[in-house]
Every structure is written in C-alpha cells, then in structure tokens.
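Colleague: As input, take final.txt (compact mmCIF, C-alpha atoms):
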```txt
# COMPACT_ATOMS: atom_id res chain seq x y z
CA MET A 12 -8.31 -9.38 15.11
CA TYR A 13 -5.11 -11.00 16.32
CA GLU A 14 -2.97 -13.75 14.86
CA VAL A 15 -1.91 -16.59 17.13
CA GLU A 16 1.13 -18.44 15.79
CA LEU A 17 3.30 -21.20 17.25
CA LYS A 18 6.44 -22.13 15.32
CA LEU A 19 9.24 -24.67 15.76
CA ARG A 20 11.94 -26.43 13.80
CA ALA A 21 10.77 -29.78 12.44
CA ASP A 22 11.74 -32.24 9.74
CA HIS A 23 9.05 -32.01 7.07
CA GLY A 24 9.23 -35.74 6.21
CA ASP A 25 7.98 -36.80 9.65
CA VAL A 26 5.34 -34.06 9.83
CA ARG A 27 3.98 -34.96 6.38
CA GLU A 28 3.51 -38.56 7.50
CA ARG A 29 1.56 -37.43 10.57
CA LEU A 30 -0.57 -35.00 8.51
CA GLU A 31 -1.38 -37.79 6.06
CA ALA A 32 -2.27 -40.20 8.88
CA MET A 33 -4.55 -37.54 10.39
CA GLY A 34 -6.23 -36.97 7.00
CA ALA A 35 -5.30 -33.27 7.03
CA GLU A 36 -6.50 -31.34 3.98
CA LYS A 37 -3.73 -29.89 1.83
CA LEU A 38 -4.61 -26.29 0.94
CA GLY A 39 -1.85 -25.36 -1.52
CA GLY A 40 1.66 -23.99 -1.73
CA VAL A 41 3.39 -20.69 -2.42
CA ALA A 42 6.84 -19.19 -2.85
CA GLN A 43 7.29 -15.92 -0.97
CA ALA A 44 9.95 -13.23 -1.01
CA ASP A 45 9.54 -10.86 1.93
CA THR A 46 11.33 -7.52 2.12
CA TYR A 47 11.46 -6.14 5.65
CA TYR A 48 12.00 -2.46 6.24
CA ASP A 49 13.83 -0.37 8.80
CA ALA A 50 11.96 2.77 9.87
CA PRO A 51 13.58 6.21 9.75
CA HIS A 52 12.07 7.26 13.10
CA ARG A 53 11.89 4.12 15.23
CA GLU A 54 14.03 1.10 15.99
CA PHE A 55 11.70 -1.73 14.96
CA ALA A 56 14.08 -4.23 16.64
CA GLU A 57 13.26 -2.51 19.95
CA THR A 58 9.55 -1.78 19.41
CA ASP A 59 9.09 -5.28 17.92
CA GLU A 60 7.11 -3.87 14.99
CA ALA A 61 7.58 -4.96 11.40
CA LEU A 62 6.84 -3.49 7.99
CA ARG A 63 6.97 -5.88 5.09
CA ILE A 64 6.26 -6.14 1.39
CA ARG A 65 5.55 -9.73 0.39
CA ARG A 66 5.74 -10.90 -3.20
CA GLU A 67 4.12 -14.28 -3.70
CA ARG A 68 3.39 -16.81 -6.40
CA ARG A 69 1.53 -20.09 -6.11
CA THR A 70 3.59 -23.25 -6.52
CA ASP A 71 0.86 -25.92 -6.43
CA ALA A 72 0.30 -27.54 -9.82
CA MET A 73 -3.45 -26.86 -9.79
CA ALA A 74 -2.92 -23.11 -9.95
CA ASP A 75 -1.32 -22.42 -13.33
CA GLU A 76 -3.74 -19.61 -14.05
CA ASP A 77 -3.11 -18.04 -10.61
CA ALA A 78 0.67 -18.26 -10.98
CA ALA A 79 1.11 -14.53 -11.54
CA GLU A 80 3.00 -12.72 -8.79
CA THR A 81 0.91 -10.88 -6.22
CA ALA A 82 2.08 -8.43 -3.57
CA LYS A 83 0.89 -7.43 -0.10
CA VAL A 84 1.98 -4.86 2.40
CA THR A 85 1.86 -5.84 6.07
CA TYR A 86 2.35 -3.92 9.27
CA LYS A 87 2.80 -5.88 12.48
CA GLY A 88 2.31 -3.89 15.64
CA PRO A 89 4.15 -4.40 18.93
CA LEU A 90 3.55 -7.73 20.74
CA VAL A 91 0.54 -7.69 23.06
CA GLU A 92 1.17 -11.22 24.36
CA ARG A 93 4.74 -12.57 24.36
CA GLU A 94 3.94 -16.26 24.93
CA SER A 95 2.33 -16.86 21.53
CA LYS A 96 3.83 -13.91 19.63
CA THR A 97 0.37 -12.29 19.45
CA ARG A 98 0.17 -8.86 17.88
CA GLU A 99 -2.11 -6.61 15.87
CA GLU A 100 -1.57 -6.98 12.15
CA PHE A 101 -2.82 -5.01 9.14
CA GLU A 102 -2.39 -6.41 5.66
CA THR A 103 -3.74 -5.48 2.25
CA GLY A 104 -2.97 -6.50 -1.31
CA VAL A 105 -1.27 -3.95 -3.55
CA ASP A 106 -1.37 -3.84 -7.35
CA ASP A 107 2.36 -3.31 -7.74
CA GLY A 108 4.86 -4.43 -5.09
CA GLU A 109 7.72 -2.56 -6.75
CA THR A 110 5.84 0.77 -6.67
CA MET A 111 4.91 0.20 -3.03
CA ALA A 112 8.62 -0.35 -2.35
CA ASN A 113 9.31 3.01 -4.06
CA VAL A 114 6.74 4.69 -1.77
CA PHE A 115 8.42 3.36 1.38
CA ASP A 116 11.83 4.23 -0.03
CA GLY A 117 10.67 7.80 -0.69
CA LEU A 118 9.36 8.05 2.88
CA GLY A 119 12.78 7.07 4.22
CA PHE A 120 12.14 3.40 5.04
CA GLU A 121 15.08 1.18 4.04
CA PRO A 122 15.12 -2.51 3.12
CA ALA A 123 16.70 -4.34 6.08
CA ALA A 124 16.54 -7.95 4.90
CA VAL A 125 14.88 -10.30 2.45
CA VAL A 126 13.41 -13.62 3.61
CA GLU A 127 12.67 -16.18 0.89
CA LYS A 128 10.71 -19.34 1.57
CA GLU A 129 8.47 -22.04 0.16
CA ARG A 130 5.31 -22.75 2.15
CA GLU A 131 2.75 -25.53 2.10
CA TYR A 132 -0.57 -25.08 3.87
CA PHE A 133 -2.69 -27.77 5.57
CA ARG A 134 -5.96 -27.54 7.47
CA VAL A 135 -6.17 -29.24 10.90
CA ASP A 136 -9.43 -28.54 12.75
CA ASP A 137 -9.75 -24.72 12.84
CA TYR A 138 -6.00 -24.24 12.49
CA THR A 139 -3.67 -23.78 9.56
CA VAL A 140 -0.50 -25.88 9.67
CA VAL A 141 2.28 -24.40 7.57
CA LEU A 142 5.38 -26.24 6.38
CA ASP A 143 8.08 -23.66 5.70
CA ARG A 144 11.40 -24.25 3.99
CA VAL A 145 13.33 -21.03 4.54
CA GLU A 146 16.33 -20.06 2.40
CA GLY A 147 19.42 -20.22 4.61
CA LEU A 148 17.56 -21.52 7.71
CA GLY A 149 15.97 -24.90 6.93
CA GLU A 150 12.61 -26.50 7.75
CA PHE A 151 9.95 -25.25 10.18
CA VAL A 152 6.34 -25.93 11.08
CA GLU A 153 3.88 -23.25 12.12
CA VAL A 154 0.39 -23.61 13.57
CA GLU A 155 -1.70 -20.48 13.26
CA ARG A 156 -5.20 -19.10 13.62
CA GLU A 157 -6.85 -15.72 13.88
CA ALA A 158 -8.48 -14.91 17.20
CA GLU A 159 -10.48 -12.25 18.98
CA GLU A 160 -8.80 -10.78 22.02
CA SER A 161 -11.22 -12.62 24.36
CA GLU A 162 -10.28 -16.09 23.02
CA LEU A 163 -6.49 -15.68 22.79
CA GLU A 164 -5.74 -18.09 25.63
CA SER A 165 -7.94 -20.95 24.36
CA VAL A 166 -6.74 -20.53 20.76
CA ARG A 167 -3.13 -20.69 21.93
CA GLU A 168 -3.86 -23.91 23.87
CA GLY A 169 -5.56 -25.35 20.80
CA ALA A 170 -2.50 -24.58 18.67
CA ALA A 171 -0.28 -26.40 21.19
CA ALA A 172 -2.62 -29.40 21.03
CA VAL A 173 -2.29 -29.48 17.22
CA LEU A 174 1.51 -29.52 17.59
CA ARG A 175 1.28 -32.48 19.98
CA GLU A 176 -0.95 -34.31 17.47
CA LEU A 177 1.89 -33.86 14.99
CA ASP A 178 4.33 -35.50 17.47
CA LEU A 179 5.94 -32.10 18.04
CA ASP A 180 6.71 -30.50 21.40
CA PRO A 181 5.10 -27.04 21.94
CA ASP A 182 7.87 -26.32 24.47
CA GLU A 183 10.34 -26.22 21.56
CA GLN A 184 8.52 -23.15 20.25
CA ILE A 185 10.78 -20.60 18.59
CA ARG A 186 9.66 -17.05 19.28
CA THR A 187 12.22 -15.43 17.00
CA SER A 188 10.93 -14.50 13.54
CA TYR A 189 12.59 -15.85 10.38
CA LEU A 190 13.89 -12.35 9.90
CA GLY A 191 15.38 -12.42 13.41
CA LEU A 192 16.88 -15.87 12.88
CA LEU A 193 18.46 -14.76 9.61
CA LEU A 194 19.86 -11.61 11.20
CA GLU A 195 21.23 -13.69 14.15
CA LYS A 196 22.88 -16.08 11.69
CA GLN A 197 24.42 -13.25 9.71
CA GLY A 198 25.24 -11.59 13.05
CA MET B 15 8.46 9.54 -15.02
CA TYR B 16 7.30 12.97 -13.92
CA GLU B 17 3.89 14.58 -13.85
CA VAL B 18 3.55 18.07 -15.30
CA GLU B 19 0.45 19.86 -14.02
CA LEU B 20 -0.84 23.43 -14.48
CA LYS B 21 -3.84 24.45 -12.42
CA LEU B 22 -5.94 27.59 -12.06
CA ARG B 23 -9.33 28.77 -10.85
CA ALA B 24 -11.90 28.82 -13.64
CA ASP B 25 -15.65 28.81 -14.03
CA HIS B 26 -16.58 25.40 -15.41
CA GLY B 27 -19.45 26.73 -17.51
CA ASP B 28 -17.12 28.76 -19.76
CA VAL B 29 -14.51 26.00 -19.97
CA ARG B 30 -17.11 23.39 -20.92
CA GLU B 31 -18.24 25.59 -23.81
CA ARG B 32 -14.66 25.90 -25.08
CA LEU B 33 -14.04 22.14 -24.70
CA GLU B 34 -17.21 21.42 -26.67
CA ALA B 35 -16.26 23.92 -29.39
CA MET B 36 -12.81 22.26 -29.63
CA GLY B 37 -14.42 18.82 -29.88
CA ALA B 38 -12.55 17.57 -26.82
CA GLU B 39 -13.26 13.96 -25.91
CA LYS B 40 -14.90 13.47 -22.51
CA LEU B 41 -13.16 10.65 -20.66
CA GLY B 42 -15.35 10.22 -17.59
CA GLY B 43 -15.87 11.47 -14.07
CA VAL B 44 -15.03 10.42 -10.53
CA ALA B 45 -15.63 11.43 -6.93
CA GLN B 46 -12.48 11.33 -4.80
CA ALA B 47 -11.82 11.56 -1.08
CA ASP B 48 -8.13 12.09 -0.37
CA THR B 49 -6.64 11.65 3.08
CA TYR B 50 -3.27 13.35 3.45
CA TYR B 51 -0.86 12.27 6.14
CA ASP B 52 1.63 13.99 8.37
CA ALA B 53 4.88 12.08 8.84
CA PRO B 54 6.26 11.29 12.30
CA HIS B 55 9.86 12.07 11.29
CA ARG B 56 9.66 14.87 8.73
CA GLU B 57 7.72 18.09 8.21
CA PHE B 58 6.09 17.42 4.82
CA ALA B 59 5.08 21.10 4.64
CA GLU B 60 8.80 21.93 4.58
CA THR B 61 10.08 19.07 2.41
CA ASP B 62 7.09 19.52 0.04
CA GLU B 63 6.42 15.78 0.03
CA ALA B 64 2.97 14.25 0.31
CA LEU B 65 1.57 10.89 1.33
CA ARG B 66 -2.01 10.24 0.40
CA ILE B 67 -4.66 7.53 0.36
CA ARG B 68 -7.25 8.20 -2.32
CA ARG B 69 -10.67 6.54 -2.29
CA GLU B 70 -12.45 6.92 -5.60
CA ARG B 71 -15.68 5.94 -7.28
CA ARG B 72 -16.79 6.63 -10.84
CA THR B 73 -19.61 9.09 -11.30
CA ASP B 74 -20.23 8.85 -15.07
CA ALA B 75 -23.48 7.09 -15.89
CA MET B 76 -21.81 4.59 -18.26
CA ALA B 77 -19.86 3.01 -15.44
CA ASP B 78 -22.44 1.40 -13.16
CA GLU B 79 -20.52 -1.84 -13.06
CA ASP B 80 -17.29 -0.02 -12.15
CA ALA B 81 -18.97 2.05 -9.43
CA ALA B 82 -17.36 0.15 -6.56
CA GLU B 83 -14.92 2.18 -4.50
CA THR B 84 -11.25 1.75 -5.30
CA ALA B 85 -8.25 2.96 -3.33
CA LYS B 86 -4.72 4.05 -4.17
CA VAL B 87 -1.72 5.06 -2.14
CA THR B 88 0.44 7.87 -3.54
CA TYR B 89 3.77 9.29 -2.50
CA LYS B 90 4.83 12.60 -4.01
CA GLY B 91 8.50 13.41 -3.63
CA PRO B 92 10.03 16.86 -3.21
CA LEU B 93 9.63 19.29 -6.14
CA VAL B 94 12.37 19.01 -8.76
CA GLU B 95 11.08 21.96 -10.82
CA ARG B 96 9.09 24.68 -9.05
CA GLU B 97 7.62 26.38 -12.14
CA SER B 98 5.29 23.53 -13.11
CA LYS B 99 5.13 21.73 -9.75
CA THR B 100 7.08 18.81 -11.25
CA ARG B 101 7.96 16.01 -8.87
CA GLU B 102 8.55 12.29 -8.73
CA GLU B 103 5.42 10.36 -7.89
CA PHE B 104 4.78 6.72 -6.99
CA GLU B 105 1.26 5.38 -6.95
CA THR B 106 -0.27 1.94 -6.74
CA GLY B 107 -3.75 0.54 -6.21
CA VAL B 108 -4.47 -1.16 -2.88
CA ASP B 109 -7.19 -3.73 -2.20
CA ASP B 110 -8.44 -2.05 0.97
CA GLY B 111 -7.97 1.67 1.62
CA GLU B 112 -9.06 1.36 5.24
CA THR B 113 -6.42 -1.29 6.00
CA MET B 114 -3.76 0.81 4.28
CA ALA B 115 -4.83 3.68 6.56
CA ASN B 116 -4.35 1.36 9.54
CA VAL B 117 -0.83 0.53 8.33
CA PHE B 118 0.17 4.19 8.15
CA ASP B 119 -1.51 4.86 11.48
CA GLY B 120 0.48 2.02 13.07
CA LEU B 121 3.70 3.45 11.63
CA GLY B 122 2.96 6.81 13.28
CA PHE B 123 1.63 8.74 10.26
CA GLU B 124 -1.39 10.87 11.16
CA PRO B 125 -4.25 12.09 8.96
CA ALA B 126 -3.67 15.82 8.41
CA ALA B 127 -6.59 16.72 6.15
CA VAL B 128 -9.21 15.26 3.84
CA VAL B 129 -9.80 16.77 0.38
CA GLU B 130 -13.06 15.81 -1.34
CA LYS B 131 -13.76 16.64 -4.95
CA GLU B 132 -15.62 15.72 -8.11
CA ARG B 133 -13.51 15.51 -11.25
CA GLU B 134 -14.33 15.31 -14.94
CA TYR B 135 -11.64 14.32 -17.44
CA PHE B 136 -11.27 15.47 -21.04
CA ARG B 137 -8.64 14.68 -23.67
CA VAL B 138 -7.05 17.62 -25.56
CA ASP B 139 -4.18 16.57 -27.82
CA ASP B 140 -1.76 14.59 -25.61
CA TYR B 141 -2.99 16.34 -22.47
CA THR B 142 -5.67 15.58 -19.91
CA VAL B 143 -7.88 18.51 -18.95
CA VAL B 144 -9.48 18.05 -15.54
CA LEU B 145 -12.48 20.00 -14.25
CA ASP B 146 -12.35 19.88 -10.45
CA ARG B 147 -15.09 21.00 -8.07
CA VAL B 148 -13.44 20.93 -4.66
CA GLU B 149 -15.47 20.81 -1.42
CA GLY B 150 -14.98 24.13 0.35
CA LEU B 151 -12.82 25.68 -2.41
CA GLY B 152 -14.82 25.91 -5.65
CA GLU B 153 -14.04 25.22 -9.31
CA PHE B 154 -10.62 24.65 -10.90
CA VAL B 155 -9.16 23.46 -14.18
CA GLU B 156 -5.98 21.40 -14.45
CA VAL B 157 -3.98 20.47 -17.51
CA GLU B 158 -1.66 17.54 -16.99
CA ARG B 159 0.59 15.05 -18.73
CA GLU B 160 3.31 12.64 -17.79
CA ALA B 161 6.77 13.49 -19.09
CA GLU B 162 10.31 12.16 -19.17
CA GLU B 163 12.88 14.41 -17.51
CA SER B 164 14.31 15.42 -20.92
CA GLU B 165 10.98 16.77 -22.22
CA LEU B 166 9.79 18.63 -19.11
CA GLU B 167 10.22 22.09 -20.65
CA SER B 168 8.34 21.36 -23.87
CA VAL B 169 5.54 19.52 -22.07
CA ARG B 170 5.10 22.46 -19.74
CA GLU B 171 4.89 24.85 -22.71
CA GLY B 172 2.35 22.56 -24.35
CA ALA B 173 0.20 22.59 -21.20
CA ALA B 174 0.24 26.40 -21.19
CA ALA B 175 -0.85 26.37 -24.86
CA VAL B 176 -3.84 24.14 -23.96
CA LEU B 177 -4.86 26.61 -21.25
CA ARG B 178 -4.73 29.47 -23.78
CA GLU B 179 -6.91 27.41 -26.17
CA LEU B 180 -9.43 27.25 -23.31
CA ASP B 181 -9.35 31.07 -23.02
CA LEU B 182 -7.49 30.74 -19.74
CA ASP B 183 -4.33 32.61 -18.74
CA PRO B 184 -1.39 30.34 -17.78
CA ASP B 185 -0.02 33.26 -15.72
CA GLU B 186 -2.91 32.75 -13.32
CA GLN B 187 -1.49 29.36 -12.43
CA ILE B 188 -1.97 28.37 -8.81
CA ARG B 189 1.00 26.43 -7.45
CA THR B 190 -0.59 25.67 -4.10
CA SER B 191 -2.17 22.22 -3.82
CA TYR B 192 -5.85 21.80 -2.90
CA LEU B 193 -4.60 20.55 0.43
CA GLY B 194 -2.55 23.72 0.85
CA LEU B 195 -5.48 25.94 -0.20
CA LEU B 196 -7.76 24.19 2.31
CA LEU B 197 -5.20 24.51 5.09
CA GLU B 198 -4.71 28.23 4.22
CA LYS B 199 -8.46 28.74 4.32
CA GLN B 200 -8.79 26.97 7.66
CA GLY B 201 -5.63 28.68 8.93
```
Would you put the structure from the file into structure tokens?
Modeller:
Amino acid sequence: MYEVELKLRADHGDVRERLEAMGAEKLGGVAQADTYYDAPHREFAETDEALRIRRERRTDAMADEDAAETAKVTYKGPLVERESKTREEFETGVDDGETMANVFDGLGFEPAAVVEKEREYFRVDDYTVVLDRVEGLGEFVEVEREAEESELESVREGAAAVLRELDLDPDEQIRTSYLGLLLEKQG
Amino acid sequence: MYEVELKLRADHGDVRERLEAMGAEKLGGVAQADTYYDAPHREFAETDEALRIRRERRTDAMADEDAAETAKVTYKGPLVERESKTREEFETGVDDGETMANVFDGLGFEPAAVVEKEREYFRVDDYTVVLDRVEGLGEFVEVEREAEESELESVREGAAAVLRELDLDPDEQIRTSYLGLLLEKQG
C-alpha cells in the first residue's frame, strides 16, 4: 500500500470556508510531536528515507477520554514516484514512545529534528484533507489517500481535483517535507 | 534498570517437584517466537547487543480471552557485567509485530535466527523462575529479577541461592543465549 499526498501552503481561514461550503465532514484534531532520526549507516537525506517516532494526543473536545498520549513508529522508504511524493510506508503503534526512542538510541540512531504541529482532519470524497499548523513554519493543507500501485496515477489526479475544489492550485505543491522545510529554515 | 538472569540446563520433571515442595506460585505460561536481527552497521555477535521482535501467546488454560498474539520489540545493550549476563534492556509492546518487522527490514536489519520456546513462570521469593523448553535445544531453567545498578551483586547472589534451593548448581550456569546455542548447534 502506498500513500499519495499533495501538500501546499494555504491560509486556513479561506480553506475552512470552502470546506464548510462543500459540506465536508470534520473528522477530528490532534497535536503531534514527531522526532525524526538520523541513521548510523545511511544518509537518509540522500536515500530519502525517514524514521520517525510520533507522539500524539487528540485535541477535539469530543475526545476527553481518548486524550492520553499515544505513540507510533513509522518508516518511510525511498520515493517510488517523485511527482506525488509516493513511497512505501510501514507504521505501527507502540506502547511506550520513550522506550522506543531508547531502542533506536541504543542501535545508534540519533534524533535529527522535532516537528510539532496541530492537525485537523476533514473528509472530502475518498480523500482526507488535513489542515496543518506547523510550529515555526505556518499553515499548510494536505490532501491524502492510500492507493494500490496500479491506481497511483488516478488517485494523484483525484487529489489535485480536491485541491482545485478548495480554490487551491495543485501546481503550488510543495514536495519538501515539514522536516526538510524546518531544516532549510534553520539552514 | 538491569536484568539479572542465571540460566542452566535442567530436567523440568525434577525442578517441578522441587517447586511444588517449596510451594512456589505458578504464574502462567506462554509460547514465544523470537526473531533476532543482524544490524547493517555493527556486528552484534561482537558488540554482544541484540535486537529482537517477540511474538507471544498465552498457553495457560485460564487465559482464553488473552490468547491473542501480542508482540514486543526489545533491544539489549552490550554486557555491563559478564558474570550474570547483566545488560541494559529496552522493551516495549507494539501493535503489529509484522509491521515492526517491515520497519527493521526497510532500515536494513536482517532476520538472523528464530528461537521458538514454551515458557512457564513461577514466583520464588522476589525472583521469577522460568521453565523453558526450547525448540531444537531442550529444557532449561532460568532465575531472573530486575535490579538497580547498586544492588546487582546481592541480586545475583540471591538468584544463585534460588538455584541451590531447586537442587541445581549455579556453577553450571550457561552464559550463552538460546540464540547463541542454536547458532552453535547449526554452526
């Protein structure tokens, strides 16, 4: 399974108005703190891989009982399709994010950067529209969907169509990750 | 926190009789399949580290509702005290052992060996006595307890005393891991 994702900078006020006009379903919100790791044996910046531990808590008011922090470990493989940032991705929940961090530390992986953001999720057709406010970077919109390899092209076109429905221009797509943008800024 | 562990070969029939005579509390039983990984950047056999994904299900009859498979990832650091095989260890549950295996595979870690065993746990004083029947190796007994660095010596002596209570000889301790014993046997 692959993840197709189109992302661009966009003022959330305008996008919210469009989502409301379209009757998009609001799915919830979370606060995430992502720790990205450098590998001891590869230059992830060159191979375009990523290893991440994500700590997350829900921020939507309906979810008081789910407000406990959860953690996931994610490995993103090298890009297989540059245009839409498509790659293989493996992700599983872990009971204790701090212990998982100790495992990677023991293996020689080192924290490279931390990306903190607040996300809101909306459903538009088969796609998820994500409003991200990223610490130190500002506001972004992402359109994403999982896809089989055989349907990558049509799913990518569908994601572009969703962006146009939101009065956004798919040509303004940013292919650099938040991590990359933060590292560029700190440059 | 460190784990002190003394292990030796022992016929389970005799040890069970001693445990019963001592009134030891039986804590339960599990079946475990452990996949050990080779690292792409270090020779774990030389550094004496280990990276493992353990899939486990309970085998005691009382635990039908807990019989679903669980998975854990464990990193064992280099030995800090050879005598009792004491080392730093980090372990956390993961939602999906297969996905965690895919993460390590993506990072370049390769499965080196699989150790399958059935374990039964007993409580003796502050120690856990473990009866292990290991696929391809036979029957073993382990005595283990967690310890702070300051109490390592006394905890190790206490573990030896438990072995003597079980009519076993601490001098027969085997310092080679099941993985190591299997690799020796295959070697």
Colleague: Could you please tell me, as a VMD selection string, which residues of chain B have an atom within 8 Å of chain A when using all atoms listed in the file?
Modeller: chain B and resid 54 to 55 88 to 89 91 104 to 110 113 to 114 116 to 117 120 to 121
Colleague: Which neighbours of range 136-147 of chain A fall inside 10 Å, counting only C-alpha atoms, when residues of the same chain fewer than 6 positions from it are skipped, and could you give them as JSON, numbers by chain?
Modeller: {"A": [15, 16, 17, 18, 20, 21, 22, 23, 26, 27, 30, 35, 36, 37, 38, 40, 41, 42, 43, 44, 125, 126, 127, 128, 129, 130, 153, 154, 155, 156, 157, 166, 169, 170, 173, 174, 177, 189, 192, 193, 196, 197]}
Colleague: Enumerate, as a VMD selection string, the protein, DNA and RNA residues whose atoms approach (11.4, -20.4, 20.2) to within 12 Å, taking into account all atoms listed in the file and the coordinate frame of the file.
Modeller: chain A and resid 16 to 20 93 to 96 151 to 153 180 to 189 191 to 192
Colleague: Those same residues, written as a compact mmCIF listing (two decimals), in the frame of the given file with C-alpha atoms?
Modeller:
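Contents of out38.txt, freshly written:
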```txt
# COMPACT_ATOMS: atom_id res chain seq x y z
CA GLU A 16 1.13 -18.44 15.79
CA LEU A 17 3.30 -21.20 17.25
CA LYS A 18 6.44 -22.13 15.32
CA LEU A 19 9.24 -24.67 15.76
CA ARG A 20 11.94 -26.43 13.80
CA ARG A 93 4.74 -12.57 24.36
CA GLU A 94 3.94 -16.26 24.93
CA SER A 95 2.33 -16.86 21.53
CA LYS A 96 3.83 -13.91 19.63
CA PHE A 151 9.95 -25.25 10.18
CA VAL A 152 6.34 -25.93 11.08
CA GLU A 153 3.88 -23.25 12.12
CA ASP A 180 6.71 -30.50 21.40
CA PRO A 181 5.10 -27.04 21.94
CA ASP A 182 7.87 -26.32 24.47
CA GLU A 183 10.34 -26.22 21.56
CA GLN A 184 8.52 -23.15 20.25
CA ILE A 185 10.78 -20.60 18.59
CA ARG A 186 9.66 -17.05 19.28
CA THR A 187 12.22 -15.43 17.00
CA SER A 188 10.93 -14.50 13.54
CA TYR A 189 12.59 -15.85 10.38
CA GLY A 191 15.38 -12.42 13.41
CA LEU A 192 16.88 -15.87 12.88
```
Colleague: Could you jot down the CA of Ala158 in chain A to CA of Arg98 in chain A separation for me, Å, one decimal place?
Modeller: 10.6 Å
Colleague: For Thr46 in chain A, which residue among A:Leu148, A:Leu194, A:Ala124, A:Ala172 is the nearest when counting only C-alpha atoms?
Modeller: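 Nearest to Thr46 in chain A: A:Ala124.
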Colleague: Between CA of Glu131 in chain A and CA of Arg68 in chain A, measure the distance and give it in Å to one decimal.
Modeller: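 The value is 12.2 Å.
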Colleague: Give the answer as one residue: which of A:Ala171, A:Leu190, A:Glu159, A:Met12 has the shortest atom-to-atom distance to Arg63 in chain A, using all atoms listed in the file?
Modeller: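 Selected residue with least distance to Arg63 in chain A: A:Leu190.
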Colleague: Between CA of Thr100 in chain B and CA of Asp52 in chain B, what is the distance in Å, rounded to a tenth?
Modeller: 20.9 Å
